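Data first, discussion second: the structure below is written as C-alpha coordinates.
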Amino acid sequence: MSATQTAQLMDGTGLAKRILKEAAAKAAGISQRTSTAPCLATVLVGEDPASVTYVRMKRARCAKAGIQSRHIALPATTTTVELIDTLAGLSGDPAVHGILLQHPCGPHIDERAAFEAIAPEKDVDGVTMHSFAAMSFGLPGFVSCTPGGIMRLLEAYDVNPAGKHAVVVGRSAILGKPVGMLLLAKDATVTYCHSRTADLPALVREADVVVAAVGQPRLIRGEDIKPGAVVIDAGYNPGNVGDVDFDTALTRARLITPVPGGVGPMTIAVLLAQTVDAAAHQLGLQQ
(Lines give C-alpha, C1' and ligand atoms only; values in the text may rest on other atoms or scores of the structure.)
Protein backbone atom coordinates (compact mmCIF):
# COMPACT_ATOMS: atom_id res chain seq x y z
CA MET A 1 0.00 0.00 0.00
CA SER A 2 1.15 3.51 -0.69
CA ALA A 3 1.19 6.20 1.95
CA THR A 4 -1.92 7.75 0.35
CA GLN A 5 -4.02 4.59 0.76
CA THR A 6 -5.95 3.67 3.84
CA ALA A 7 -6.95 0.28 5.15
CA GLN A 8 -10.45 -1.12 4.76
CA LEU A 9 -12.30 -1.16 8.07
CA MET A 10 -13.57 -4.55 9.23
CA ASP A 11 -17.15 -3.84 10.26
CA GLY A 12 -17.77 -5.98 13.32
CA THR A 13 -21.01 -4.15 14.07
CA GLY A 14 -22.57 -5.08 10.74
CA LEU A 15 -21.40 -8.69 10.82
CA ALA A 16 -22.59 -9.08 14.42
CA LYS A 17 -26.07 -7.90 13.39
CA ARG A 18 -26.20 -10.62 10.73
CA ILE A 19 -25.06 -13.29 13.20
CA LEU A 20 -27.65 -12.15 15.75
CA LYS A 21 -30.36 -12.18 13.10
CA GLU A 22 -29.51 -15.79 12.27
CA ALA A 23 -29.43 -16.68 15.97
CA ALA A 24 -32.82 -15.04 16.51
CA ALA A 25 -34.35 -17.05 13.65
CA LYS A 26 -32.90 -20.25 15.07
CA ALA A 27 -34.11 -19.38 18.58
CA ALA A 28 -37.61 -18.77 17.22
CA GLY A 29 -37.53 -22.17 15.55
CA ILE A 30 -36.47 -23.85 18.78
CA SER A 31 -39.22 -22.12 20.73
CA GLN A 32 -41.78 -23.13 18.13
CA ARG A 33 -40.74 -26.78 18.07
CA THR A 34 -40.21 -27.31 21.79
CA SER A 35 -42.20 -24.53 23.51
CA THR A 36 -38.91 -23.71 25.24
CA ALA A 37 -36.86 -20.60 24.54
CA PRO A 38 -33.05 -20.78 24.78
CA CYS A 39 -31.95 -19.43 28.16
CA LEU A 40 -28.67 -17.76 29.14
CA ALA A 41 -27.86 -17.35 32.82
CA THR A 42 -25.55 -14.47 33.72
CA VAL A 43 -23.73 -14.44 37.04
CA LEU A 44 -22.21 -11.27 38.46
CA VAL A 45 -20.23 -10.96 41.68
CA GLY A 46 -20.28 -7.45 43.14
CA GLU A 47 -21.25 -4.22 41.41
CA ASP A 48 -18.27 -3.23 39.29
CA PRO A 49 -19.71 -0.51 36.99
CA ALA A 50 -18.12 -1.87 33.80
CA SER A 51 -19.27 -5.42 34.55
CA VAL A 52 -22.80 -4.24 35.37
CA THR A 53 -22.90 -2.42 32.01
CA TYR A 54 -21.60 -5.45 30.09
CA VAL A 55 -24.17 -7.77 31.66
CA ARG A 56 -26.99 -5.31 31.00
CA MET A 57 -25.90 -5.06 27.36
CA LYS A 58 -25.79 -8.84 26.95
CA ARG A 59 -29.24 -9.25 28.50
CA ALA A 60 -30.65 -6.58 26.17
CA ARG A 61 -29.21 -8.42 23.17
CA CYS A 62 -30.76 -11.63 24.47
CA ALA A 63 -34.19 -10.02 24.58
CA LYS A 64 -33.88 -8.82 20.99
CA ALA A 65 -32.82 -12.29 19.82
CA GLY A 66 -35.64 -14.14 21.56
CA ILE A 67 -33.31 -15.63 24.16
CA GLN A 68 -34.41 -15.69 27.78
CA SER A 69 -31.95 -14.41 30.33
CA ARG A 70 -31.72 -15.21 34.01
CA HIS A 71 -29.51 -12.90 36.04
CA ILE A 72 -27.94 -13.92 39.34
CA ALA A 73 -26.43 -10.96 41.19
CA LEU A 74 -24.19 -12.02 44.04
CA PRO A 75 -22.73 -9.71 46.71
CA ALA A 76 -19.08 -8.71 46.54
CA THR A 77 -18.50 -10.76 49.72
CA THR A 78 -19.39 -14.02 47.92
CA THR A 79 -16.76 -16.70 48.48
CA THR A 80 -15.31 -19.04 45.87
CA VAL A 81 -17.21 -21.95 47.41
CA GLU A 82 -20.50 -20.03 47.26
CA LEU A 83 -19.88 -19.03 43.65
CA ILE A 84 -19.05 -22.61 42.69
CA ASP A 85 -22.28 -23.78 44.34
CA THR A 86 -24.25 -21.25 42.31
CA LEU A 87 -22.63 -22.25 39.04
CA ALA A 88 -23.03 -25.95 39.79
CA GLY A 89 -26.71 -25.37 40.45
CA LEU A 90 -27.16 -23.62 37.11
CA SER A 91 -25.21 -26.40 35.39
CA GLY A 92 -27.71 -28.90 36.73
CA ASP A 93 -30.79 -26.83 35.86
CA PRO A 94 -32.38 -28.13 32.61
CA ALA A 95 -34.10 -24.77 32.06
CA VAL A 96 -30.70 -23.07 31.65
CA HIS A 97 -28.85 -23.76 28.39
CA GLY A 98 -25.87 -21.44 28.68
CA ILE A 99 -23.92 -19.88 31.56
CA LEU A 100 -21.88 -16.69 31.57
CA LEU A 101 -19.77 -15.80 34.60
CA GLN A 102 -18.92 -12.13 34.23
CA HIS A 103 -15.30 -11.56 35.14
CA PRO A 104 -13.21 -10.32 36.81
CA CYS A 105 -14.95 -11.53 39.96
CA GLY A 106 -12.64 -9.92 42.49
CA PRO A 107 -9.19 -10.79 43.84
CA HIS A 108 -10.59 -13.05 46.55
CA ILE A 109 -12.23 -15.40 44.02
CA ASP A 110 -10.44 -18.37 42.46
CA GLU A 111 -11.78 -17.73 38.96
CA ARG A 112 -10.33 -20.88 37.45
CA ALA A 113 -12.10 -23.02 40.05
CA ALA A 114 -15.31 -21.10 39.38
CA PHE A 115 -15.06 -21.53 35.61
CA GLU A 116 -14.55 -25.26 36.02
CA ALA A 117 -17.89 -25.50 37.86
CA ILE A 118 -19.63 -24.70 34.56
CA ALA A 119 -20.80 -27.80 32.70
CA PRO A 120 -18.99 -28.05 29.32
CA GLU A 121 -22.26 -28.28 27.39
CA LYS A 122 -23.34 -24.95 28.94
CA ASP A 123 -19.96 -23.20 28.63
CA VAL A 124 -21.14 -20.86 25.88
CA ASP A 125 -18.43 -18.34 26.81
CA GLY A 126 -15.71 -20.94 26.14
CA VAL A 127 -13.84 -20.42 29.42
CA THR A 128 -13.37 -23.94 30.79
CA MET A 129 -10.34 -26.15 30.31
CA HIS A 130 -12.61 -28.65 28.55
CA SER A 131 -13.60 -26.02 25.98
CA PHE A 132 -10.00 -24.96 25.42
CA ALA A 133 -8.88 -28.56 24.92
CA ALA A 134 -11.75 -29.34 22.56
CA MET A 135 -11.00 -26.22 20.53
CA SER A 136 -7.28 -27.00 20.40
CA PHE A 137 -7.91 -30.55 19.18
CA GLY A 138 -10.62 -29.54 16.73
CA LEU A 139 -13.31 -31.41 18.63
CA PRO A 140 -16.95 -30.34 19.19
CA GLY A 141 -17.36 -27.66 21.82
CA PHE A 142 -17.67 -23.95 22.33
CA VAL A 143 -14.90 -21.52 21.46
CA SER A 144 -13.95 -18.51 23.54
CA CYS A 145 -16.25 -15.79 22.28
CA THR A 146 -13.78 -13.05 21.36
CA PRO A 147 -11.41 -15.41 19.48
CA GLY A 148 -14.44 -16.97 17.81
CA GLY A 149 -15.58 -13.53 16.74
CA ILE A 150 -12.13 -12.73 15.36
CA MET A 151 -12.13 -15.88 13.24
CA ARG A 152 -15.58 -15.03 11.87
CA LEU A 153 -14.35 -11.55 10.96
CA LEU A 154 -11.37 -13.00 9.10
CA GLU A 155 -13.64 -15.38 7.22
CA ALA A 156 -16.12 -12.62 6.34
CA TYR A 157 -13.32 -10.56 4.79
CA ASP A 158 -11.85 -13.54 2.90
CA VAL A 159 -8.67 -13.66 4.95
CA ASN A 160 -7.23 -17.18 4.66
CA PRO A 161 -4.65 -17.65 7.45
CA ALA A 162 -3.07 -20.68 5.76
CA GLY A 163 0.64 -20.09 5.27
CA LYS A 164 0.46 -16.65 6.85
CA HIS A 165 2.56 -15.50 9.81
CA ALA A 166 0.20 -14.50 12.60
CA VAL A 167 1.59 -12.59 15.58
CA VAL A 168 -0.62 -12.66 18.67
CA VAL A 169 0.28 -10.03 21.26
CA GLY A 170 -1.16 -11.27 24.54
CA ARG A 171 -1.47 -14.69 26.17
CA SER A 172 -4.62 -14.61 28.28
CA ALA A 173 -6.52 -17.85 28.72
CA ILE A 174 -9.68 -16.49 27.09
CA LEU A 175 -8.22 -14.41 24.27
CA GLY A 176 -4.54 -14.63 23.34
CA LYS A 177 -4.00 -18.35 23.81
CA PRO A 178 -7.24 -19.55 22.18
CA VAL A 179 -7.05 -17.22 19.17
CA GLY A 180 -3.55 -18.52 18.50
CA MET A 181 -4.83 -22.10 18.57
CA LEU A 182 -7.69 -21.23 16.20
CA LEU A 183 -5.26 -19.58 13.79
CA LEU A 184 -2.97 -22.60 14.03
CA ALA A 185 -5.92 -24.84 13.14
CA LYS A 186 -6.30 -22.77 9.97
CA ASP A 187 -2.66 -23.49 9.08
CA ALA A 188 -1.19 -20.15 10.09
CA THR A 189 2.29 -19.99 11.58
CA VAL A 190 1.66 -18.46 15.00
CA THR A 191 4.00 -16.45 17.19
CA TYR A 192 2.83 -15.57 20.71
CA CYS A 193 4.19 -12.35 22.18
CA HIS A 194 3.83 -11.00 25.70
CA SER A 195 5.32 -8.66 28.29
CA ARG A 196 8.68 -10.46 28.27
CA THR A 197 9.04 -10.69 24.49
CA ALA A 198 12.32 -9.16 23.34
CA ASP A 199 12.03 -6.63 20.50
CA LEU A 200 8.29 -6.86 19.95
CA PRO A 201 8.33 -4.32 17.06
CA ALA A 202 10.64 -6.58 15.05
CA LEU A 203 8.20 -9.48 15.32
CA VAL A 204 5.22 -7.28 14.47
CA ARG A 205 7.01 -6.10 11.33
CA GLU A 206 7.11 -9.73 10.12
CA ALA A 207 3.40 -10.38 10.67
CA ASP A 208 0.87 -10.91 7.90
CA VAL A 209 -1.84 -10.95 10.59
CA VAL A 210 -1.52 -9.06 13.87
CA VAL A 211 -3.87 -9.76 16.78
CA ALA A 212 -3.40 -7.19 19.54
CA ALA A 213 -4.90 -8.44 22.80
CA VAL A 214 -2.73 -7.16 25.61
CA GLY A 215 -4.69 -4.25 27.13
CA GLN A 216 -2.09 -1.52 26.67
CA PRO A 217 -3.21 1.55 24.72
CA ARG A 218 -1.45 2.06 21.39
CA LEU A 219 1.23 -0.50 22.21
CA ILE A 220 1.45 -1.54 18.56
CA ARG A 221 2.84 1.33 16.52
CA GLY A 222 1.59 1.95 13.01
CA GLU A 223 5.10 2.22 11.59
CA ASP A 224 5.75 -1.37 12.70
CA ILE A 225 2.81 -2.78 10.73
CA LYS A 226 3.88 -4.69 7.63
CA PRO A 227 2.40 -3.02 4.52
CA GLY A 228 -0.71 -4.92 3.52
CA ALA A 229 -1.09 -6.75 6.84
CA VAL A 230 -4.40 -7.56 8.52
CA VAL A 231 -4.69 -5.92 11.93
CA ILE A 232 -7.14 -7.16 14.55
CA ASP A 233 -7.29 -4.86 17.56
CA ALA A 234 -8.96 -6.75 20.42
CA GLY A 235 -7.88 -4.22 23.02
CA TYR A 236 -10.19 -1.74 24.67
CA ASN A 237 -8.82 1.00 26.89
CA PRO A 238 -10.30 4.16 28.43
CA GLY A 239 -11.27 6.73 25.84
CA ASN A 240 -12.21 4.18 23.17
CA VAL A 241 -8.55 3.48 22.48
CA GLY A 242 -7.30 0.11 21.29
CA ASP A 243 -3.95 -1.63 21.61
CA VAL A 244 -2.95 -0.42 18.13
CA ASP A 245 -2.11 3.16 17.16
CA PHE A 246 -5.04 3.24 14.77
CA ASP A 247 -4.30 6.45 12.85
CA THR A 248 -0.79 5.44 11.81
CA ALA A 249 -1.68 1.78 11.22
CA LEU A 250 -4.50 2.87 8.92
CA THR A 251 -2.03 3.93 6.22
CA ARG A 252 -0.13 0.62 6.23
CA ALA A 253 -2.60 -2.19 6.89
CA ARG A 254 -4.88 -3.70 4.25
CA LEU A 255 -7.64 -4.50 6.74
CA ILE A 256 -8.06 -3.21 10.28
CA THR A 257 -10.70 -3.38 13.02
CA PRO A 258 -11.82 -0.08 14.52
CA VAL A 259 -12.22 0.47 18.27
CA PRO A 260 -15.08 0.47 19.00
CA GLY A 261 -17.11 -1.32 16.32
CA GLY A 262 -14.69 -4.07 15.42
CA VAL A 263 -14.08 -7.03 17.70
CA GLY A 264 -16.38 -5.96 20.57
CA PRO A 265 -19.77 -6.51 18.89
CA MET A 266 -18.59 -9.89 17.61
CA THR A 267 -17.97 -11.16 21.14
CA ILE A 268 -21.61 -10.76 22.17
CA ALA A 269 -22.86 -12.12 18.84
CA VAL A 270 -20.84 -15.32 19.23
CA LEU A 271 -21.99 -15.68 22.85
CA LEU A 272 -25.64 -15.59 21.83
CA ALA A 273 -25.14 -17.78 18.78
CA GLN A 274 -23.46 -20.40 20.96
CA THR A 275 -26.26 -20.15 23.52
CA VAL A 276 -28.79 -20.99 20.81
CA ASP A 277 -26.61 -23.89 19.61
CA ALA A 278 -26.34 -25.16 23.19
CA ALA A 279 -30.13 -25.05 23.59
CA ALA A 280 -30.65 -26.92 20.32
CA HIS A 281 -28.25 -29.64 21.41
CA GLN A 282 -29.68 -29.99 24.93
CA LEU A 283 -33.23 -30.11 23.59
CA GLY A 284 -32.33 -32.90 21.18
CA LEU A 285 -32.57 -30.81 18.01
CA GLN A 286 -28.87 -30.91 17.18
CA GLN A 287 -26.54 -33.89 17.44
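Scheme for the C-alpha coordinates: letters A, B, ... for chains in order shown; per-chain residue numbers from 1; ligand numbers from 1 in order shown.
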
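Secondary structure from DSSP on the backbone puts strand (DSSP E) at the following positions of stretch 76-222 of chain A: Gly98, Ile99, Leu100, Leu101, His165, Ala166, Val167, Val168, Val169, Thr189, Val190, Thr191, Tyr192, Cys193, Val209, Val210, Val211 and Ala212 of chain A.
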
**Non-local contacts of A:Glu111 (12 Å; only C-alpha atoms; under 6 positions in same chain excluded) as a PyMOL selection string** = chain A and resi 45+79-81+83-84+87+101-105+117-118+127-128+173

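Using only C-alpha atoms, the residues found no farther than 9 Å from A:Ile256, other than those of its own chain fewer than 5 positions away, are Ala7, Gln8, Leu9, Met10, Ala229, Val230, Val231, Ile232, Asp233, Phe246, Ala249, Leu250 and Gly262 of chain A.
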
Dump as a short mmCIF file (atom, residue, chain, number, x, y, z; two decimals), in the first residue's frame, selection limited to N, CA, C and O atoms:
```cif
data_model
loop_
_atom_site.label_atom_id
_atom_site.label_comp_id
_atom_site.auth_asym_id
_atom_site.auth_seq_id
_atom_site.Cartn_x
_atom_site.Cartn_y
_atom_site.Cartn_z
N ALA A 7 -6.46 1.64 5.01
CA ALA A 7 -6.95 0.28 5.15
C ALA A 7 -8.48 0.25 5.12
O ALA A 7 -9.15 1.21 5.47
N GLN A 8 -9.01 -0.89 4.68
CA GLN A 8 -10.45 -1.12 4.76
C GLN A 8 -10.80 -1.47 6.19
O GLN A 8 -10.14 -2.30 6.83
N LEU A 9 -11.86 -0.86 6.71
CA LEU A 9 -12.30 -1.16 8.07
C LEU A 9 -13.11 -2.46 8.08
O LEU A 9 -13.96 -2.68 7.22
N MET A 10 -12.83 -3.30 9.06
CA MET A 10 -13.57 -4.55 9.23
C MET A 10 -14.76 -4.26 10.14
O MET A 10 -14.58 -4.00 11.34
N ALA A 229 -0.73 -5.79 5.79
CA ALA A 229 -1.09 -6.75 6.84
C ALA A 229 -2.54 -6.57 7.27
O ALA A 229 -3.18 -5.54 7.02
N VAL A 230 -3.07 -7.60 7.93
CA VAL A 230 -4.40 -7.56 8.52
C VAL A 230 -4.22 -7.32 10.01
O VAL A 230 -3.49 -8.07 10.68
N VAL A 231 -4.87 -6.31 10.54
CA VAL A 231 -4.69 -5.92 11.93
C VAL A 231 -6.00 -6.07 12.70
O VAL A 231 -7.00 -5.42 12.38
N ILE A 232 -5.99 -6.94 13.70
CA ILE A 232 -7.14 -7.16 14.55
C ILE A 232 -6.82 -6.58 15.93
O ILE A 232 -5.96 -7.08 16.64
N ASP A 233 -7.52 -5.53 16.28
CA ASP A 233 -7.29 -4.86 17.56
C ASP A 233 -8.37 -5.31 18.54
O ASP A 233 -9.51 -4.85 18.48
N PHE A 246 -4.15 3.39 15.92
CA PHE A 246 -5.04 3.24 14.77
C PHE A 246 -4.69 4.18 13.62
O PHE A 246 -4.60 3.77 12.46
N ALA A 249 -1.53 3.12 11.81
CA ALA A 249 -1.68 1.78 11.22
C ALA A 249 -2.60 1.82 10.01
O ALA A 249 -2.48 1.00 9.08
N LEU A 250 -3.51 2.77 9.99
CA LEU A 250 -4.50 2.87 8.92
C LEU A 250 -3.85 3.05 7.54
O LEU A 250 -4.40 2.62 6.53
N GLY A 262 -15.37 -2.99 16.10
CA GLY A 262 -14.69 -4.07 15.42
C GLY A 262 -14.92 -5.40 16.11
O GLY A 262 -15.90 -6.10 15.86
#
```

**Message:** Give me, as a PyMOL selection string, the residues of stretch 130-244 of chain A that a backbone DSSP run labels alpha helix (DSSP H).
**Reply:** chain A and resi 130-136+145-156+176-185+200-204

**Request:** Pick out the residues sitting within 7 Å of stretch 237-245 of chain A, and hand them over as a count of residues only; count only C-alpha atoms, and ignore anything fewer than 4 positions along from it in its own chain.
**Result:** 15

**Prompt:** Taking only C-alpha atoms into account, which of A:Lys17, A:Lys58, A:Lys186, A:Arg252 comes nearest A:Val159?
**Reply:**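 Checking each candidate against A:Val159, we get A:Lys186 as the closest.
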
**Asked** With only C-alpha atoms as the basis for distance, which of A:Ile109, A:Val167, A:Ala156, A:Ala185 is at the shortest distance from A:Met135?
**Response** A:Ala185
